[in-house]
Amino acid sequence: MKKNYMDYVGALYGDSSKAEKLSKVSRSRSDPTYHTEDDEQAKLHVWLTREGIRHYAIPNGGKRNYAEAIKFKRTGVSPGVPDICIPYSSGSYHGLYIELKRAKGGKVSDSQKEWLAFLTQNGYLAQVAEGFEKAKEIVLYYFSLTKTLA
């Protein structure tokens with residue numbers, strides 16, 4: 001049986017009823033296998049946390065009101081920065097950035113392509129992952145470069 005987003009959030013917080021209250025993810029598709037980018041990122045976050053891998057999300061996406069948008073722009077938010085940063089060096093890389101997309105149908109914007117190229121040119125592994133499983137593969141590959149996991 002395939003786990004859904006709430007199963008992962010419930011596992012992280014230890015209580016699926018609490019998870020229901022913490023999350024207001026709306027489903028616009030009737031297909032039960034449809035997962036939003038947020039769903040995929042939540043699964044990645046839970047897995048990384050369970051593995052003891054320090055990471056952080058970069059909250060660039062989403063809709064914001066005008067005042068918030070101005071504040072974020074004024075304080076340095078930059079469109080296109082990848083979604084997740086794993087700040088460990090591995091192999092010849094300074095750290096890992098992952099731009100997470102839905103498993104099906106996600107597109108990489110021009111500003112995201114520019115950031116991925118910039119990060120790659122400056123010694124980071126910067127990859128696009130189509131879904132949680134691909135992101136997990138990238139993380140495991142990344143840490144295999146030094147044979148040590150956080």
# chains A, B, ... in the order shown; residues from 1 in each chain; ligands from 1

$ residues_around --residues "His35 of chain A" --least-positions-apart "5" --cutoff "8 Å" --atoms "only C-alpha atoms" --output "PyMOL selection string"
chain A and resi 40+102-103

$ write_last_selection --atoms "N, CA and C atoms" --output "CSV table (one decimal), in the first residue's frame"
chain,number,residue,atom,x,y,z
A,40,GLU,N,5.9,15.6,-2.2
A,40,GLU,CA,7.2,15.0,-2.4
A,40,GLU,C,8.3,15.5,-1.5
A,102,ARG,N,7.4,17.5,-9.0
A,102,ARG,CA,6.4,16.4,-8.9
A,102,ARG,C,7.0,15.2,-9.7
A,103,ALA,N,6.6,14.0,-9.3
A,103,ALA,CA,7.1,12.8,-10.1
A,103,ALA,C,6.7,12.9,-11.5

$ residues_around --residues "Gln41 of chain A" --least-positions-apart "5" --cutoff "9 Å" --atoms "only C-alpha atoms" --output "PDB file with N, CA, C and O atoms, in the first residue's frame"
ATOM      1  N   THR A  36       1.586  16.390  -5.000  1.00  0.00           N
ATOM      2  CA  THR A  36       2.078  17.727  -5.271  1.00  0.00           C
ATOM      3  C   THR A  36       3.569  17.772  -4.974  1.00  0.00           C
ATOM      4  O   THR A  36       4.134  16.874  -4.342  1.00  0.00           O
ATOM      5  N   VAL A  46      10.950  14.025   5.810  1.00  0.00           N
ATOM      6  CA  VAL A  46      10.807  12.965   6.812  1.00  0.00           C
ATOM      7  C   VAL A  46      11.950  11.972   6.688  1.00  0.00           C
ATOM      8  O   VAL A  46      12.578  11.597   7.678  1.00  0.00           O
ATOM      9  N   ALA A  57      15.026  23.705   4.015  1.00  0.00           N
ATOM     10  CA  ALA A  57      14.234  24.068   2.840  1.00  0.00           C
ATOM     11  C   ALA A  57      14.396  25.558   2.592  1.00  0.00           C
ATOM     12  O   ALA A  57      14.535  26.349   3.521  1.00  0.00           O
ATOM     13  N   ASP A  83      15.079  23.984  -3.884  1.00  0.00           N
ATOM     14  CA  ASP A  83      14.197  23.781  -2.743  1.00  0.00           C
ATOM     15  C   ASP A  83      14.899  23.322  -1.471  1.00  0.00           C
ATOM     16  O   ASP A  83      14.512  23.710  -0.375  1.00  0.00           O
ATOM     17  N   ILE A  84      15.879  22.450  -1.604  1.00  0.00           N
ATOM     18  CA  ILE A  84      16.508  21.811  -0.443  1.00  0.00           C
ATOM     19  C   ILE A  84      18.019  21.975  -0.521  1.00  0.00           C
ATOM     20  O   ILE A  84      18.615  21.810  -1.593  1.00  0.00           O
ATOM     21  N   LEU A 100      13.280  20.117  -6.318  1.00  0.00           N
ATOM     22  CA  LEU A 100      12.325  19.020  -6.301  1.00  0.00           C
ATOM     23  C   LEU A 100      11.103  19.359  -7.139  1.00  0.00           C
ATOM     24  O   LEU A 100      10.540  20.444  -7.013  1.00  0.00           O
ATOM     25  N   LYS A 101      10.729  18.428  -7.979  1.00  0.00           N
ATOM     26  CA  LYS A 101       9.531  18.558  -8.809  1.00  0.00           C
ATOM     27  C   LYS A 101       8.602  17.389  -8.527  1.00  0.00           C
ATOM     28  O   LYS A 101       9.019  16.378  -7.949  1.00  0.00           O
ATOM     29  N   GLY A 131      10.354  13.852  -8.037  1.00  0.00           N
ATOM     30  CA  GLY A 131       9.736  13.054  -6.991  1.00  0.00           C
ATOM     31  C   GLY A 131      10.697  12.634  -5.899  1.00  0.00           C
ATOM     32  O   GLY A 131      11.921  12.736  -6.019  1.00  0.00           O
ATOM     33  N   PHE A 132      10.096  12.162  -4.807  1.00  0.00           N
ATOM     34  CA  PHE A 132      10.841  11.751  -3.627  1.00  0.00           C
ATOM     35  C   PHE A 132      11.859  10.654  -3.920  1.00  0.00           C
ATOM     36  O   PHE A 132      13.009  10.718  -3.487  1.00  0.00           O
TER      37      PHE A 132
END

$ closest_residue --among "A:Gly95, A:Ser111, A:Gly105, A:Val128" --to "Tyr142 of chain A" --atoms "only C-alpha atoms"
A:Gly95

$ atom_distance --atom1 "atom CA of Ser90 of chain A" --atom2 "atom CA of Pro59 of chain A"
24.5 Å

$ residues_around --residues "segment 73-79 of chain A" --least-positions-apart "2" --cutoff "12 Å" --atoms "only C-alpha atoms" --output "PyMOL selection string"
chain A and resi 58-62+64+66-71+81-83+108-116

$ write_last_selection --atoms "N, CA, C and O atoms" --output "short mmCIF file (atom, residue, chain, number, x, y, z; two decimals), in the first residue's frame"
data_model
loop_
_atom_site.label_atom_id
_atom_site.label_comp_id
_atom_site.auth_asym_id
_atom_site.auth_seq_id
_atom_site.Cartn_x
_atom_site.Cartn_y
_atom_site.Cartn_z
N ILE A 58 14.37 25.93 1.35
CA ILE A 58 14.47 27.32 0.95
C ILE A 58 13.07 27.73 0.46
O ILE A 58 12.63 27.29 -0.59
N PRO A 59 12.36 28.53 1.24
CA PRO A 59 10.95 28.82 0.95
C PRO A 59 10.75 29.90 -0.11
O PRO A 59 10.30 30.99 0.17
N ASN A 60 11.11 29.57 -1.33
CA ASN A 60 10.96 30.54 -2.42
C ASN A 60 9.61 30.46 -3.10
O ASN A 60 9.17 31.41 -3.70
N GLY A 61 8.97 29.31 -3.06
CA GLY A 61 7.74 29.13 -3.81
C GLY A 61 6.52 29.63 -3.06
O GLY A 61 6.60 30.19 -1.97
N GLY A 62 5.38 29.42 -3.66
CA GLY A 62 4.13 29.77 -3.01
C GLY A 62 3.64 31.15 -3.36
O GLY A 62 4.37 31.98 -3.89
N ARG A 64 2.23 34.77 -2.26
CA ARG A 64 2.40 35.70 -1.15
C ARG A 64 1.63 36.98 -1.47
O ARG A 64 1.46 37.34 -2.63
N TYR A 66 1.25 41.07 -1.51
CA TYR A 66 2.18 42.08 -2.03
C TYR A 66 3.20 42.52 -0.97
O TYR A 66 4.39 42.61 -1.24
N ALA A 67 2.74 42.77 0.26
CA ALA A 67 3.65 43.23 1.33
C ALA A 67 4.72 42.18 1.65
O ALA A 67 5.89 42.51 1.81
N GLU A 68 4.31 40.91 1.72
CA GLU A 68 5.28 39.84 1.97
C GLU A 68 6.27 39.72 0.83
O GLU A 68 7.46 39.51 1.05
N ALA A 69 5.77 39.82 -0.39
CA ALA A 69 6.65 39.71 -1.56
C ALA A 69 7.71 40.81 -1.53
O ALA A 69 8.90 40.54 -1.78
N ILE A 70 7.31 42.02 -1.21
CA ILE A 70 8.27 43.14 -1.12
C ILE A 70 9.29 42.87 -0.01
O ILE A 70 10.48 43.06 -0.19
N LYS A 71 8.81 42.43 1.14
CA LYS A 71 9.70 42.14 2.27
C LYS A 71 10.72 41.07 1.89
O LYS A 71 11.91 41.23 2.13
N VAL A 81 16.16 29.67 -6.61
CA VAL A 81 17.05 28.92 -5.72
C VAL A 81 16.42 27.56 -5.46
O VAL A 81 15.21 27.47 -5.21
N PRO A 82 17.22 26.48 -5.52
CA PRO A 82 16.65 25.15 -5.32
C PRO A 82 15.94 24.99 -3.97
O PRO A 82 16.21 25.72 -3.01
N ASP A 83 15.08 23.98 -3.88
CA ASP A 83 14.20 23.78 -2.74
C ASP A 83 14.90 23.32 -1.47
O ASP A 83 14.51 23.71 -0.37
N VAL A 108 11.11 22.87 -14.94
CA VAL A 108 12.17 23.69 -14.37
C VAL A 108 12.13 25.05 -15.07
O VAL A 108 12.20 25.13 -16.29
N SER A 109 12.04 26.11 -14.27
CA SER A 109 11.96 27.46 -14.85
C SER A 109 13.35 27.93 -15.28
O SER A 109 14.37 27.35 -14.89
N ASP A 110 13.40 29.00 -16.05
CA ASP A 110 14.68 29.56 -16.49
C ASP A 110 15.51 30.02 -15.30
O ASP A 110 16.72 29.78 -15.26
N SER A 111 14.88 30.65 -14.30
CA SER A 111 15.65 31.11 -13.14
C SER A 111 16.18 29.92 -12.33
O SER A 111 17.29 29.99 -11.78
N GLN A 112 15.45 28.82 -12.29
CA GLN A 112 15.94 27.63 -11.62
C GLN A 112 17.13 27.03 -12.38
O GLN A 112 18.12 26.63 -11.76
N LYS A 113 17.05 27.01 -13.70
CA LYS A 113 18.18 26.52 -14.51
C LYS A 113 19.42 27.37 -14.28
O LYS A 113 20.53 26.84 -14.17
N GLU A 114 19.23 28.67 -14.19
CA GLU A 114 20.36 29.58 -13.95
C GLU A 114 21.01 29.30 -12.59
O GLU A 114 22.23 29.25 -12.48
N TRP A 115 20.20 29.13 -11.55
CA TRP A 115 20.74 28.84 -10.23
C TRP A 115 21.45 27.48 -10.21
O TRP A 115 22.53 27.35 -9.61
N LEU A 116 20.87 26.47 -10.83
CA LEU A 116 21.50 25.15 -10.87
C LEU A 116 22.86 25.23 -11.56
O LEU A 116 23.84 24.64 -11.08
#

$ closest_residue --among "A:Trp47, A:Phe118, A:Tyr93, A:Tyr56" --to "Gly80 of chain A" --atoms "only C-alpha atoms"
A:Phe118

$ atom_distance --atom1 "atom CA of Gly52 of chain A" --atom2 "atom CA of Ile98 of chain A"
17.4 Å

$ select_by_dssp --residues "segment 104-148 of chain A" --states "alpha helix (DSSP H)" --output "NGL selection string"
:A and (110-121 or 132-144)

$ write_last_selection --atoms "N, CA, C and O atoms" --output "mmCIF file, in the first residue's frame"
data_model
loop_
_atom_site.group_PDB
_atom_site.id
_atom_site.type_symbol
_atom_site.label_atom_id
_atom_site.label_comp_id
_atom_site.auth_asym_id
_atom_site.auth_seq_id
_atom_site.Cartn_x
_atom_site.Cartn_y
_atom_site.Cartn_z
ATOM 1 N N ASP A 110 13.395 29.000 -16.054
ATOM 2 C CA ASP A 110 14.675 29.564 -16.488
ATOM 3 C C ASP A 110 15.514 30.021 -15.295
ATOM 4 O O ASP A 110 16.720 29.785 -15.255
ATOM 5 N N SER A 111 14.879 30.650 -14.301
ATOM 6 C CA SER A 111 15.645 31.108 -13.137
ATOM 7 C C SER A 111 16.179 29.920 -12.335
ATOM 8 O O SER A 111 17.285 29.986 -11.779
ATOM 9 N N GLN A 112 15.446 28.823 -12.295
ATOM 10 C CA GLN A 112 15.942 27.625 -11.624
ATOM 11 C C GLN A 112 17.130 27.033 -12.378
ATOM 12 O O GLN A 112 18.125 26.632 -11.760
ATOM 13 N N LYS A 113 17.052 27.013 -13.699
ATOM 14 C CA LYS A 113 18.175 26.517 -14.509
ATOM 15 C C LYS A 113 19.420 27.369 -14.278
ATOM 16 O O LYS A 113 20.534 26.840 -14.168
ATOM 17 N N GLU A 114 19.232 28.672 -14.189
ATOM 18 C CA GLU A 114 20.365 29.576 -13.946
ATOM 19 C C GLU A 114 21.012 29.301 -12.594
ATOM 20 O O GLU A 114 22.230 29.247 -12.482
ATOM 21 N N TRP A 115 20.196 29.129 -11.553
ATOM 22 C CA TRP A 115 20.737 28.836 -10.225
ATOM 23 C C TRP A 115 21.449 27.482 -10.207
ATOM 24 O O TRP A 115 22.530 27.353 -9.612
ATOM 25 N N LEU A 116 20.868 26.474 -10.834
ATOM 26 C CA LEU A 116 21.500 25.153 -10.869
ATOM 27 C C LEU A 116 22.859 25.227 -11.562
ATOM 28 O O LEU A 116 23.842 24.643 -11.083
ATOM 29 N N ALA A 117 22.939 25.960 -12.649
ATOM 30 C CA ALA A 117 24.215 26.124 -13.358
ATOM 31 C C ALA A 117 25.220 26.884 -12.498
ATOM 32 O O ALA A 117 26.391 26.497 -12.397
ATOM 33 N N PHE A 118 24.785 27.957 -11.853
ATOM 34 C CA PHE A 118 25.665 28.746 -10.994
ATOM 35 C C PHE A 118 26.228 27.894 -9.858
ATOM 36 O O PHE A 118 27.431 27.917 -9.578
ATOM 37 N N LEU A 119 25.366 27.153 -9.184
ATOM 38 C CA LEU A 119 25.805 26.316 -8.066
ATOM 39 C C LEU A 119 26.780 25.235 -8.536
ATOM 40 O O LEU A 119 27.800 24.985 -7.886
ATOM 41 N N THR A 120 26.487 24.625 -9.667
ATOM 42 C CA THR A 120 27.370 23.594 -10.226
ATOM 43 C C THR A 120 28.743 24.181 -10.547
ATOM 44 O O THR A 120 29.780 23.587 -10.226
ATOM 45 N N GLN A 121 28.768 25.358 -11.156
ATOM 46 C CA GLN A 121 30.040 26.019 -11.494
ATOM 47 C C GLN A 121 30.836 26.411 -10.258
ATOM 48 O O GLN A 121 32.046 26.635 -10.346
ATOM 49 N N PHE A 132 10.096 12.162 -4.807
ATOM 50 C CA PHE A 132 10.841 11.751 -3.627
ATOM 51 C C PHE A 132 11.859 10.654 -3.920
ATOM 52 O O PHE A 132 13.009 10.718 -3.487
ATOM 53 N N GLU A 133 11.448 9.626 -4.644
ATOM 54 C CA GLU A 133 12.347 8.483 -4.887
ATOM 55 C C GLU A 133 13.612 8.918 -5.623
ATOM 56 O O GLU A 133 14.716 8.480 -5.295
ATOM 57 N N LYS A 134 13.473 9.778 -6.605
ATOM 58 C CA LYS A 134 14.642 10.281 -7.340
ATOM 59 C C LYS A 134 15.514 11.134 -6.419
ATOM 60 O O LYS A 134 16.750 11.036 -6.455
ATOM 61 N N ALA A 135 14.885 11.965 -5.582
ATOM 62 C CA ALA A 135 15.648 12.788 -4.642
ATOM 63 C C ALA A 135 16.434 11.906 -3.681
ATOM 64 O O ALA A 135 17.613 12.168 -3.394
ATOM 65 N N LYS A 136 15.815 10.857 -3.199
ATOM 66 C CA LYS A 136 16.487 9.915 -2.298
ATOM 67 C C LYS A 136 17.701 9.291 -2.990
ATOM 68 O O LYS A 136 18.778 9.179 -2.391
ATOM 69 N N GLU A 137 17.536 8.888 -4.236
ATOM 70 C CA GLU A 137 18.655 8.325 -5.015
ATOM 71 C C GLU A 137 19.808 9.326 -5.115
ATOM 72 O O GLU A 137 20.973 8.950 -4.991
ATOM 73 N N ILE A 138 19.483 10.574 -5.370
ATOM 74 C CA ILE A 138 20.514 11.615 -5.486
ATOM 75 C C ILE A 138 21.266 11.759 -4.161
ATOM 76 O O ILE A 138 22.493 11.841 -4.144
ATOM 77 N N VAL A 139 20.534 11.788 -3.049
ATOM 78 C CA VAL A 139 21.169 11.928 -1.734
ATOM 79 C C VAL A 139 22.077 10.731 -1.459
ATOM 80 O O VAL A 139 23.224 10.902 -1.019
ATOM 81 N N LEU A 140 21.595 9.533 -1.707
ATOM 82 C CA LEU A 140 22.410 8.339 -1.462
ATOM 83 C C LEU A 140 23.658 8.332 -2.344
ATOM 84 O O LEU A 140 24.758 7.995 -1.879
ATOM 85 N N TYR A 141 23.500 8.716 -3.604
ATOM 86 C CA TYR A 141 24.665 8.830 -4.491
ATOM 87 C C TYR A 141 25.658 9.858 -3.935
ATOM 88 O O TYR A 141 26.865 9.603 -3.869
ATOM 89 N N TYR A 142 25.137 11.004 -3.530
ATOM 90 C CA TYR A 142 25.989 12.081 -3.036
ATOM 91 C C TYR A 142 26.843 11.614 -1.863
ATOM 92 O O TYR A 142 28.050 11.822 -1.828
ATOM 93 N N PHE A 143 26.217 10.950 -0.889
ATOM 94 C CA PHE A 143 26.979 10.496 0.263
ATOM 95 C C PHE A 143 27.853 9.292 -0.061
ATOM 96 O O PHE A 143 28.815 9.037 0.659
ATOM 97 N N SER A 144 27.564 8.579 -1.130
ATOM 98 C CA SER A 144 28.432 7.456 -1.507
ATOM 99 C C SER A 144 29.785 7.939 -2.023
ATOM 100 O O SER A 144 30.747 7.171 -2.058
#

$ select_by_dssp --residues "segment 31-143 of chain A" --states "strand (DSSP E)" --output "PDB file with N, CA, C and O atoms, in the first residue's frame"
ATOM      1  N   TYR A  56      17.924  21.888   5.030  1.00  0.00           N
ATOM      2  CA  TYR A  56      16.940  22.954   5.198  1.00  0.00           C
ATOM      3  C   TYR A  56      16.258  23.233   3.873  1.00  0.00           C
ATOM      4  O   TYR A  56      16.809  22.998   2.804  1.00  0.00           O
ATOM      5  N   ALA A  57      15.026  23.705   4.015  1.00  0.00           N
ATOM      6  CA  ALA A  57      14.234  24.068   2.840  1.00  0.00           C
ATOM      7  C   ALA A  57      14.396  25.558   2.592  1.00  0.00           C
ATOM      8  O   ALA A  57      14.535  26.349   3.521  1.00  0.00           O
ATOM      9  N   ILE A  84      15.879  22.450  -1.604  1.00  0.00           N
ATOM     10  CA  ILE A  84      16.508  21.811  -0.443  1.00  0.00           C
ATOM     11  C   ILE A  84      18.019  21.975  -0.521  1.00  0.00           C
ATOM     12  O   ILE A  84      18.615  21.810  -1.593  1.00  0.00           O
ATOM     13  N   CYS A  85      18.621  22.256   0.630  1.00  0.00           N
ATOM     14  CA  CYS A  85      20.087  22.289   0.734  1.00  0.00           C
ATOM     15  C   CYS A  85      20.507  21.282   1.798  1.00  0.00           C
ATOM     16  O   CYS A  85      19.938  21.247   2.895  1.00  0.00           O
ATOM     17  N   ILE A  86      21.494  20.473   1.463  1.00  0.00           N
ATOM     18  CA  ILE A  86      22.110  19.540   2.397  1.00  0.00           C
ATOM     19  C   ILE A  86      23.555  20.007   2.548  1.00  0.00           C
ATOM     20  O   ILE A  86      24.378  19.810   1.651  1.00  0.00           O
ATOM     21  N   LEU A  96      25.049  19.860  -1.307  1.00  0.00           N
ATOM     22  CA  LEU A  96      24.070  19.350  -2.268  1.00  0.00           C
ATOM     23  C   LEU A  96      22.824  20.230  -2.260  1.00  0.00           C
ATOM     24  O   LEU A  96      22.281  20.545  -1.192  1.00  0.00           O
ATOM     25  N   TYR A  97      22.382  20.620  -3.443  1.00  0.00           N
ATOM     26  CA  TYR A  97      21.118  21.339  -3.628  1.00  0.00           C
ATOM     27  C   TYR A  97      20.212  20.492  -4.507  1.00  0.00           C
ATOM     28  O   TYR A  97      20.660  19.942  -5.517  1.00  0.00           O
ATOM     29  N   ILE A  98      18.953  20.410  -4.114  1.00  0.00           N
ATOM     30  CA  ILE A  98      17.981  19.647  -4.899  1.00  0.00           C
ATOM     31  C   ILE A  98      16.797  20.545  -5.239  1.00  0.00           C
ATOM     32  O   ILE A  98      16.184  21.147  -4.352  1.00  0.00           O
ATOM     33  N   GLU A  99      16.508  20.633  -6.516  1.00  0.00           N
ATOM     34  CA  GLU A  99      15.285  21.278  -7.002  1.00  0.00           C
ATOM     35  C   GLU A  99      14.281  20.146  -7.171  1.00  0.00           C
ATOM     36  O   GLU A  99      14.444  19.286  -8.034  1.00  0.00           O
ATOM     37  N   LEU A 100      13.280  20.117  -6.318  1.00  0.00           N
ATOM     38  CA  LEU A 100      12.325  19.020  -6.301  1.00  0.00           C
ATOM     39  C   LEU A 100      11.103  19.359  -7.139  1.00  0.00           C
ATOM     40  O   LEU A 100      10.540  20.444  -7.013  1.00  0.00           O
ATOM     41  N   LYS A 101      10.729  18.428  -7.979  1.00  0.00           N
ATOM     42  CA  LYS A 101       9.531  18.558  -8.809  1.00  0.00           C
ATOM     43  C   LYS A 101       8.602  17.389  -8.527  1.00  0.00           C
ATOM     44  O   LYS A 101       9.019  16.378  -7.949  1.00  0.00           O
ATOM     45  N   LEU A 125      26.949  20.098  -5.888  1.00  0.00           N
ATOM     46  CA  LEU A 125      26.145  19.213  -6.714  1.00  0.00           C
ATOM     47  C   LEU A 125      24.739  19.785  -6.664  1.00  0.00           C
ATOM     48  O   LEU A 125      24.153  19.914  -5.580  1.00  0.00           O
ATOM     49  N   ALA A 126      24.208  20.168  -7.793  1.00  0.00           N
ATOM     50  CA  ALA A 126      22.881  20.782  -7.884  1.00  0.00           C
ATOM     51  C   ALA A 126      22.081  19.997  -8.919  1.00  0.00           C
ATOM     52  O   ALA A 126      22.430  19.991 -10.102  1.00  0.00           O
ATOM     53  N   GLN A 127      21.043  19.329  -8.454  1.00  0.00           N
ATOM     54  CA  GLN A 127      20.291  18.405  -9.297  1.00  0.00           C
ATOM     55  C   GLN A 127      18.793  18.669  -9.228  1.00  0.00           C
ATOM     56  O   GLN A 127      18.286  19.161  -8.217  1.00  0.00           O
ATOM     57  N   VAL A 128      18.098  18.275 -10.281  1.00  0.00           N
ATOM     58  CA  VAL A 128      16.642  18.278 -10.302  1.00  0.00           C
ATOM     59  C   VAL A 128      16.198  16.856 -10.006  1.00  0.00           C
ATOM     60  O   VAL A 128      16.721  15.903 -10.589  1.00  0.00           O
ATOM     61  N   ALA A 129      15.251  16.715  -9.095  1.00  0.00           N
ATOM     62  CA  ALA A 129      14.692  15.401  -8.769  1.00  0.00           C
ATOM     63  C   ALA A 129      13.209  15.405  -9.082  1.00  0.00           C
ATOM     64  O   ALA A 129      12.481  16.273  -8.604  1.00  0.00           O
ATOM     65  N   GLU A 130      12.790  14.444  -9.868  1.00  0.00           N
ATOM     66  CA  GLU A 130      11.368  14.298 -10.173  1.00  0.00           C
ATOM     67  C   GLU A 130      10.770  13.318  -9.175  1.00  0.00           C
ATOM     68  O   GLU A 130      10.731  12.116  -9.406  1.00  0.00           O
TER      69      GLU A 130
END
